[in-house]
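J.: This is the structure I want to talk about, given as structure tokens.
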Amino acid sequence: MTVLSVNVNKIAVLRNSRGGDEPNVVAAAKACLDAGAHGITVHPRPDARHIRSDDVYALSELTRERGVEFNLEGNPFAPARAGYPGFLTLCQQVRPAQATLVPDSDAQLTSDHGFDFVRDANALRPLVDALKSIGCRVSLFADAHTEAGRLGINHAAAVGADRVELYTGPYAEAFAAGSGRAMAAQFAEAARRAGDAGLGINAGHDLSQANLGFFLQQVPGVLEVSIGHALIGEAIYQGIDATIDSYLRILSR
Ligand SMILES: CC(=O)[C@@H](O)[C@H](O)COP(=O)(O)O
Ligand SMILES: NCC(=O)COP(=O)(O)O
């Protein structure tokens with residue numbers, strides 16, 4: 001069955017909007033795990049717009065105590081700055097079960113593309129080695145909606161990654177516009193390439209209760225989905241327990 005890792009970035013967005021400690025990120029993560037989520041994801045941004053390093057340390061403790069996967073996402077090329085020690089250092093400090101490398105910048109509203117593996121292969125290789133040497137599974141954010149992205153997946157295997165995370169933003173957009181089937185076929189091809197190259201397959205970005213089931217039906221073999229934005233929004237209407245339960249039902253179909 002596909003594993004559900006809940007991304008709690010959005011809890012930190014709310015918390016930071018008032019400067020206090022509510023809603024509490026660790027309490028929210030506990031609620032997600034109590035409801036049956038399999039793991040927790042965060043994507044601390046160097047500008048600390050939501051998750052901060054102290055959240056990463058606290059969530060690392062929680063997930064270790066609970067024996068569940070902690071998936072830490074970030075750009076390994078972004079320089080350290082006050083309050084953000086850099087992605088590799090953060091991983092060395094907390095040793096997450098999975099490190100997901102994402103090529104984003106401060107200027108981006110959110111993650112919106114995967115790596116250019118041909119261009120970035122030499123820079124990625126030592127980082128992947130360093131992360132694996134501290135026991136992290138390494139996943140690389142990858143485009144499936146472009147031919148270059150799909151062809152580049154073989155290079156992700158060549159730099160030593162364990163998995164790719166297929167960037168599902170374009171799928172979510174196509175699904176909403178009624179053209180999900182054609183787009184999902186491109187993701188299925190990317191997944192097949194990843195599988196042939198010996199890579200495990202994760203998926204994430206803008207997945208929701210509306211579009212997840214069809215995605216998993218069309219793209220076999222997805223090991224993990226990380227979902228935050230839609231899930232936290234849905235929980236406002238449905239409550240966290242019912243929302244997680246709905247996702248678990250979709251995953252077990
Ligand atoms: C890699 C990815 O798709 C997620 O981490 C997503 O980018 C969430 O990040 P934000 O919550 O900062 O939008
Ligand atoms: N890796 C994707 C993720 O963690 C969550 O993305 P989103 O559901 O917030 O778009």
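Going through the structure tokens in order, the chains are called A, B, and so on, while each chain numbers its residues from 1 and the ligands are numbered from 1 in the order shown.
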For chain A against ligand 1, with a cut-off of 6 Å and counting only C-alpha atoms and all ligand atoms, what is the closest atom pair and its distance in Å to one decimal for every residue that makes the cut, ordered by chain and number, as CSV?

T.:
```
residue,atom,partner,partner_atom_place_in_ligand_line,distance
A:Asn9,CA,ligand 1,11 (O),5.0
A:His43,CA,ligand 1,5 (O),4.9
A:Val102,CA,ligand 1,1 (C),6.0
A:Thr110,CA,ligand 1,13 (O),3.9
A:Ser111,CA,ligand 1,7 (O),4.0
A:Gly204,CA,ligand 1,3 (O),5.5
A:His205,CA,ligand 1,3 (O),4.2
```

J.: For those residues, write C-alpha atoms to a file as a PDB file, in the first residue's frame.

T.:
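part.pdb written:
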```
ATOM      1  CA  ASN A   9       4.102  23.256   6.680  1.00  0.00           C
ATOM      2  CA  HIS A  43       9.928  21.481   3.864  1.00  0.00           C
ATOM      3  CA  VAL A 102      14.019  19.889  -4.174  1.00  0.00           C
ATOM      4  CA  THR A 110       6.083  26.968  -3.646  1.00  0.00           C
ATOM      5  CA  SER A 111       7.990  24.104  -5.300  1.00  0.00           C
ATOM      6  CA  GLY A 204       3.633  14.928  -4.145  1.00  0.00           C
ATOM      7  CA  HIS A 205       2.364  18.444  -4.642  1.00  0.00           C
TER       8      HIS A 205
END
```

J.: Which neighbours of Gln186 in chain A fall inside 12 Å, counting only C-alpha atoms, when residues of the same chain fewer than 5 positions from it are skipped, and could you give them as a PyMOL selection string?

T.: chain A and resi 143-151+166-168+170-171+174+179-181+191-193+215+218-219

J.: Go ahead and dump the residues you just picked, N, CA and C atoms, as an mmCIF file, in the first residue's frame.

T.:
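The result, stored in again-v7.cif:
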```cif
data_model
loop_
_atom_site.group_PDB
_atom_site.id
_atom_site.type_symbol
_atom_site.label_atom_id
_atom_site.label_comp_id
_atom_site.auth_asym_id
_atom_site.auth_seq_id
_atom_site.Cartn_x
_atom_site.Cartn_y
_atom_site.Cartn_z
ATOM 1 N N ASP A 143 10.461 16.054 -12.524
ATOM 2 C CA ASP A 143 9.342 16.370 -13.415
ATOM 3 C C ASP A 143 8.929 15.134 -14.196
ATOM 4 N N ALA A 144 7.623 14.962 -14.320
ATOM 5 C CA ALA A 144 7.116 13.866 -15.153
ATOM 6 C C ALA A 144 6.307 14.413 -16.330
ATOM 7 N N HIS A 145 5.998 15.710 -16.283
ATOM 8 C CA HIS A 145 5.084 16.279 -17.291
ATOM 9 C C HIS A 145 5.823 16.818 -18.506
ATOM 10 N N THR A 146 7.164 16.723 -18.496
ATOM 11 C CA THR A 146 7.922 17.152 -19.681
ATOM 12 C C THR A 146 8.755 15.952 -20.153
ATOM 13 N N GLU A 147 9.043 15.950 -21.441
ATOM 14 C CA GLU A 147 9.837 14.831 -21.974
ATOM 15 C C GLU A 147 11.237 14.854 -21.355
ATOM 16 N N ALA A 148 11.797 16.052 -21.205
ATOM 17 C CA ALA A 148 13.148 16.164 -20.621
ATOM 18 C C ALA A 148 13.148 15.599 -19.201
ATOM 19 N N GLY A 149 12.090 15.888 -18.469
ATOM 20 C CA GLY A 149 11.987 15.371 -17.096
ATOM 21 C C GLY A 149 11.939 13.856 -17.087
ATOM 22 N N ARG A 150 11.104 13.309 -17.941
ATOM 23 C CA ARG A 150 10.957 11.831 -17.951
ATOM 24 C C ARG A 150 12.271 11.171 -18.367
ATOM 25 N N LEU A 151 12.917 11.751 -19.395
ATOM 26 C CA LEU A 151 14.178 11.154 -19.852
ATOM 27 C C LEU A 151 15.276 11.315 -18.796
ATOM 28 N N LEU A 166 7.822 12.307 -7.835
ATOM 29 C CA LEU A 166 7.254 12.920 -9.037
ATOM 30 C C LEU A 166 6.468 14.162 -8.627
ATOM 31 N N TYR A 167 6.788 15.281 -9.262
ATOM 32 C CA TYR A 167 6.140 16.573 -8.964
ATOM 33 C C TYR A 167 4.749 16.579 -9.596
ATOM 34 N N THR A 168 3.732 16.455 -8.734
ATOM 35 C CA THR A 168 2.378 16.221 -9.237
ATOM 36 C C THR A 168 1.544 17.497 -9.442
ATOM 37 N N PRO A 170 1.472 19.652 -11.929
ATOM 38 C CA PRO A 170 0.848 19.696 -13.260
ATOM 39 C C PRO A 170 -0.275 18.659 -13.421
ATOM 40 N N TYR A 171 -0.136 17.516 -12.753
ATOM 41 C CA TYR A 171 -1.219 16.524 -12.797
ATOM 42 C C TYR A 171 -2.470 17.100 -12.118
ATOM 43 N N ALA A 174 -4.116 19.561 -14.347
ATOM 44 C CA ALA A 174 -4.767 18.901 -15.490
ATOM 45 C C ALA A 174 -6.036 18.189 -15.018
ATOM 46 N N SER A 179 -8.440 17.077 -17.834
ATOM 47 C CA SER A 179 -7.519 16.321 -18.705
ATOM 48 C C SER A 179 -6.532 15.506 -17.871
ATOM 49 N N GLY A 180 -7.017 14.993 -16.753
ATOM 50 C CA GLY A 180 -6.149 14.225 -15.860
ATOM 51 C C GLY A 180 -5.637 12.936 -16.475
ATOM 52 N N ARG A 181 -6.453 12.297 -17.312
ATOM 53 C CA ARG A 181 -6.052 10.989 -17.851
ATOM 54 C C ARG A 181 -4.799 11.104 -18.722
ATOM 55 N N ALA A 191 7.038 6.868 -14.121
ATOM 56 C CA ALA A 191 7.140 5.853 -13.054
ATOM 57 C C ALA A 191 7.750 4.570 -13.605
ATOM 58 N N ARG A 192 7.363 4.231 -14.832
ATOM 59 C CA ARG A 192 7.920 3.013 -15.442
ATOM 60 C C ARG A 192 9.436 3.183 -15.637
ATOM 61 N N ARG A 193 9.831 4.353 -16.115
ATOM 62 C CA ARG A 193 11.276 4.619 -16.301
ATOM 63 C C ARG A 193 12.017 4.531 -14.965
ATOM 64 N N PHE A 215 -5.048 9.200 -9.614
ATOM 65 C CA PHE A 215 -3.600 9.185 -9.843
ATOM 66 C C PHE A 215 -3.026 7.805 -9.530
ATOM 67 N N GLN A 218 -3.872 5.172 -12.027
ATOM 68 C CA GLN A 218 -3.201 5.312 -13.324
ATOM 69 C C GLN A 218 -1.685 5.141 -13.230
ATOM 70 N N VAL A 219 -1.143 5.367 -12.045
ATOM 71 C CA VAL A 219 0.328 5.324 -11.886
ATOM 72 C C VAL A 219 0.652 4.254 -10.844
#
```

J.: What residues have any atom no more than 6 Å from ligand 2 when counting only C-alpha atoms and all ligand atoms, and can you list them as a ChimeraX atom specification?

T.: /A:7,41,204-207,226-230

J.: Output N, CA and C atoms for every residue in the selection just made, as a short mmCIF file (atom, residue, chain, number, x, y, z; two decimals), in the first residue's frame.

T.:
```
data_model
loop_
_atom_site.label_atom_id
_atom_site.label_comp_id
_atom_site.auth_asym_id
_atom_site.auth_seq_id
_atom_site.Cartn_x
_atom_site.Cartn_y
_atom_site.Cartn_z
N ASN A 7 2.33 16.55 5.29
CA ASN A 7 3.18 17.73 5.33
C ASN A 7 2.50 18.79 6.21
N THR A 41 6.04 14.96 6.95
CA THR A 41 6.94 15.67 6.04
C THR A 41 6.98 17.14 6.41
N GLY A 204 4.17 13.87 -4.99
CA GLY A 204 3.63 14.93 -4.15
C GLY A 204 3.56 16.27 -4.83
N HIS A 205 2.67 17.04 -4.36
CA HIS A 205 2.36 18.44 -4.64
C HIS A 205 0.94 18.57 -5.18
N ASP A 206 0.14 19.24 -4.38
CA ASP A 206 -1.26 19.51 -4.75
C ASP A 206 -2.10 18.25 -4.94
N LEU A 207 -1.68 17.16 -4.35
CA LEU A 207 -2.56 15.99 -4.32
C LEU A 207 -3.66 16.27 -3.30
N SER A 226 3.26 12.52 -0.22
CA SER A 226 3.34 13.54 0.84
C SER A 226 2.32 14.61 0.48
N ILE A 227 1.44 14.89 1.43
CA ILE A 227 0.31 15.79 1.13
C ILE A 227 0.15 16.78 2.28
N GLY A 228 0.06 18.05 1.94
CA GLY A 228 -0.08 19.07 2.98
C GLY A 228 -1.16 20.08 2.70
N HIS A 229 -0.98 20.85 1.65
CA HIS A 229 -1.85 22.01 1.41
C HIS A 229 -3.33 21.61 1.38
N ALA A 230 -3.67 20.65 0.53
CA ALA A 230 -5.08 20.26 0.42
C ALA A 230 -5.55 19.58 1.70
#
```

J.: When you look at Gln92 in chain A with a cut-off of 8 Å (counting only C-alpha atoms), what residues show up, excluding the ones that are within fewer than 3 positions of it in the same chain? I need them as a list in words.

T.: Leu88, Thr89, Arg95, Leu131 and Ile134 of chain A

J.: Name all residues at most 8 Å from Val94 in chain A (count only C-alpha atoms; drop same-chain ones fewer than 2 positions away) and give them as a PDB file with N, CA and C atoms, in the first residue's frame.

T.:
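Saved to selection_24.pdb:
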```
ATOM      1  N   VAL A  56      11.917  21.483  13.040  1.00  0.00           N
ATOM      2  CA  VAL A  56      12.549  20.276  12.489  1.00  0.00           C
ATOM      3  C   VAL A  56      13.098  19.422  13.633  1.00  0.00           C
ATOM      4  N   TYR A  57      13.765  20.063  14.605  1.00  0.00           N
ATOM      5  CA  TYR A  57      14.331  19.301  15.732  1.00  0.00           C
ATOM      6  C   TYR A  57      13.204  18.630  16.533  1.00  0.00           C
ATOM      7  N   SER A  60      11.571  15.822  14.585  1.00  0.00           N
ATOM      8  CA  SER A  60      12.484  14.688  14.492  1.00  0.00           C
ATOM      9  C   SER A  60      12.356  13.829  15.756  1.00  0.00           C
ATOM     10  N   LEU A  90      21.200  20.376   8.383  1.00  0.00           N
ATOM     11  CA  LEU A  90      19.966  20.012   9.082  1.00  0.00           C
ATOM     12  C   LEU A  90      19.785  18.486   9.053  1.00  0.00           C
ATOM     13  N   CYS A  91      20.040  17.887   7.913  1.00  0.00           N
ATOM     14  CA  CYS A  91      19.920  16.420   7.814  1.00  0.00           C
ATOM     15  C   CYS A  91      20.953  15.737   8.711  1.00  0.00           C
ATOM     16  N   GLN A  92      22.167  16.303   8.744  1.00  0.00           N
ATOM     17  CA  GLN A  92      23.194  15.691   9.613  1.00  0.00           C
ATOM     18  C   GLN A  92      22.798  15.808  11.081  1.00  0.00           C
ATOM     19  N   PRO A  96      17.004  12.403   9.197  1.00  0.00           N
ATOM     20  CA  PRO A  96      15.643  11.961   8.859  1.00  0.00           C
ATOM     21  C   PRO A  96      15.688  10.626   8.119  1.00  0.00           C
TER      22      PRO A  96
END
```

J.: Quick one: residues within 9 Å of Ile232 in chain A, only C-alpha atoms counted, chain neighbours fewer than 6 positions away excluded, as a list of chain:residue names?

T.: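 Using only C-alpha atoms, the neighbours found are A:Val6, A:Asn7, A:Val8, A:Lys10, A:Ile11, A:Ile240, A:Thr243.
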
J.: Take the residues from that selection and put them in a file with C-alpha atoms, as a tab-separated table (two decimals), in the first residue's frame.

T.:
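Below is the file out_21.tsv, written as the result:
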```
chain	number	residue	atom	x	y	z
A	6	VAL	CA	1.43	14.44	6.05
A	7	ASN	CA	3.18	17.73	5.33
A	8	VAL	CA	2.57	20.11	8.24
A	10	LYS	CA	0.67	24.90	6.62
A	11	ILE	CA	0.29	24.59	10.40
A	240	ILE	CA	-8.21	15.85	11.05
A	243	THR	CA	-9.65	13.65	6.69
```

J.: If you run DSSP on the backbone here, which positions in range 100-236 of chain A get helix (DSSP H, G or I)? Please write them as a VMD selection string.

T.: chain A and resid 117 to 133 147 to 158 169 to 176 180 to 196 212 to 218 229 to 236

J.: Could you pull the residues within 8 Å of range 210-214 of chain A, counting only C-alpha atoms, minus those fewer than 6 positions along the same chain, as a VMD selection string?

T.: chain A and resid 172 175 250 to 251

J.: Put those residues in a file: N, CA and C atoms, as a CSV table (one decimal), in the first residue's frame.

T.:
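Ended up saving to again_25.csv:
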```csv
chain,number,residue,atom,x,y,z
A,172,ALA,N,-2.3,17.7,-10.9
A,172,ALA,CA,-3.4,18.3,-10.2
A,172,ALA,C,-4.2,19.3,-11.0
A,175,PHE,N,-6.0,17.6,-13.9
A,175,PHE,CA,-7.2,16.8,-13.3
A,175,PHE,C,-8.3,17.8,-13.1
A,250,ILE,N,-8.6,5.9,0.5
A,250,ILE,CA,-8.2,6.1,-0.9
A,250,ILE,C,-7.0,5.2,-1.2
A,251,LEU,N,-6.1,5.3,-0.2
A,251,LEU,CA,-4.8,4.5,-0.4
A,251,LEU,C,-5.0,3.0,-0.4
```

J.: Please provide as a list in words all residues within 10 Å of Gly83 in chain A, with the sequence filter that same-chain residues fewer than 5 positions apart are discarded (counting only C-alpha atoms).

T.: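 Non-adjacent residues within range: Pro46, Asp47, Ala48, Arg52, Ser53 and Asp54 of chain A.
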
J.: Export, as a PDB file, in the first residue's frame, the selected residues with N, CA and C atoms.

T.:
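This went into out21.pdb:
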```
ATOM      1  N   PRO A  46      14.575  28.354   3.574  1.00  0.00           N
ATOM      2  CA  PRO A  46      15.628  29.174   4.202  1.00  0.00           C
ATOM      3  C   PRO A  46      15.103  30.506   4.738  1.00  0.00           C
ATOM      4  N   ASP A  47      14.025  31.036   4.149  1.00  0.00           N
ATOM      5  CA  ASP A  47      13.488  32.313   4.642  1.00  0.00           C
ATOM      6  C   ASP A  47      12.557  32.126   5.844  1.00  0.00           C
ATOM      7  N   ALA A  48      12.451  30.865   6.319  1.00  0.00           N
ATOM      8  CA  ALA A  48      11.654  30.545   7.525  1.00  0.00           C
ATOM      9  C   ALA A  48      10.210  31.036   7.407  1.00  0.00           C
ATOM     10  N   ARG A  52      10.456  26.182  10.832  1.00  0.00           N
ATOM     11  CA  ARG A  52      11.772  26.688  11.222  1.00  0.00           C
ATOM     12  C   ARG A  52      12.633  25.513  11.697  1.00  0.00           C
ATOM     13  N   SER A  53      13.911  25.783  11.888  1.00  0.00           N
ATOM     14  CA  SER A  53      14.808  24.705  12.306  1.00  0.00           C
ATOM     15  C   SER A  53      14.348  24.085  13.626  1.00  0.00           C
ATOM     16  N   ASP A  54      13.841  24.923  14.565  1.00  0.00           N
ATOM     17  CA  ASP A  54      13.407  24.355  15.855  1.00  0.00           C
ATOM     18  C   ASP A  54      12.237  23.388  15.661  1.00  0.00           C
TER      19      ASP A  54
END
```

J.: With DSSP run on the backbone, what are the strand (DSSP E) residues within range 63-204 of chain A? I'd like them as a ChimeraX atom specification.

T.: /A:69-74,98-101,137-142,163-167,200-204

J.: Go through A:Ala130, A:Met1, A:Ile201, A:Leu62 and flag the residue nearest Arg253 in chain A, using only C-alpha atoms for the distances.

T.: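 Of all the options, A:Met1 lies closest to Arg253 in chain A.
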
J.: From the options A:His50, A:Arg81, A:Arg249, A:Lys132, which residue's atoms come nearest to Ser17 in chain A, counting only C-alpha atoms?

T.: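 Looking at the shortest contact to Ser17 in chain A, the residue is A:His50.
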
J.: Between A:Gln217, A:Gly160, A:Lys30, A:Ala235, single out the one closest to Arg125 in chain A, counting only C-alpha atoms.

T.: A:Gly160
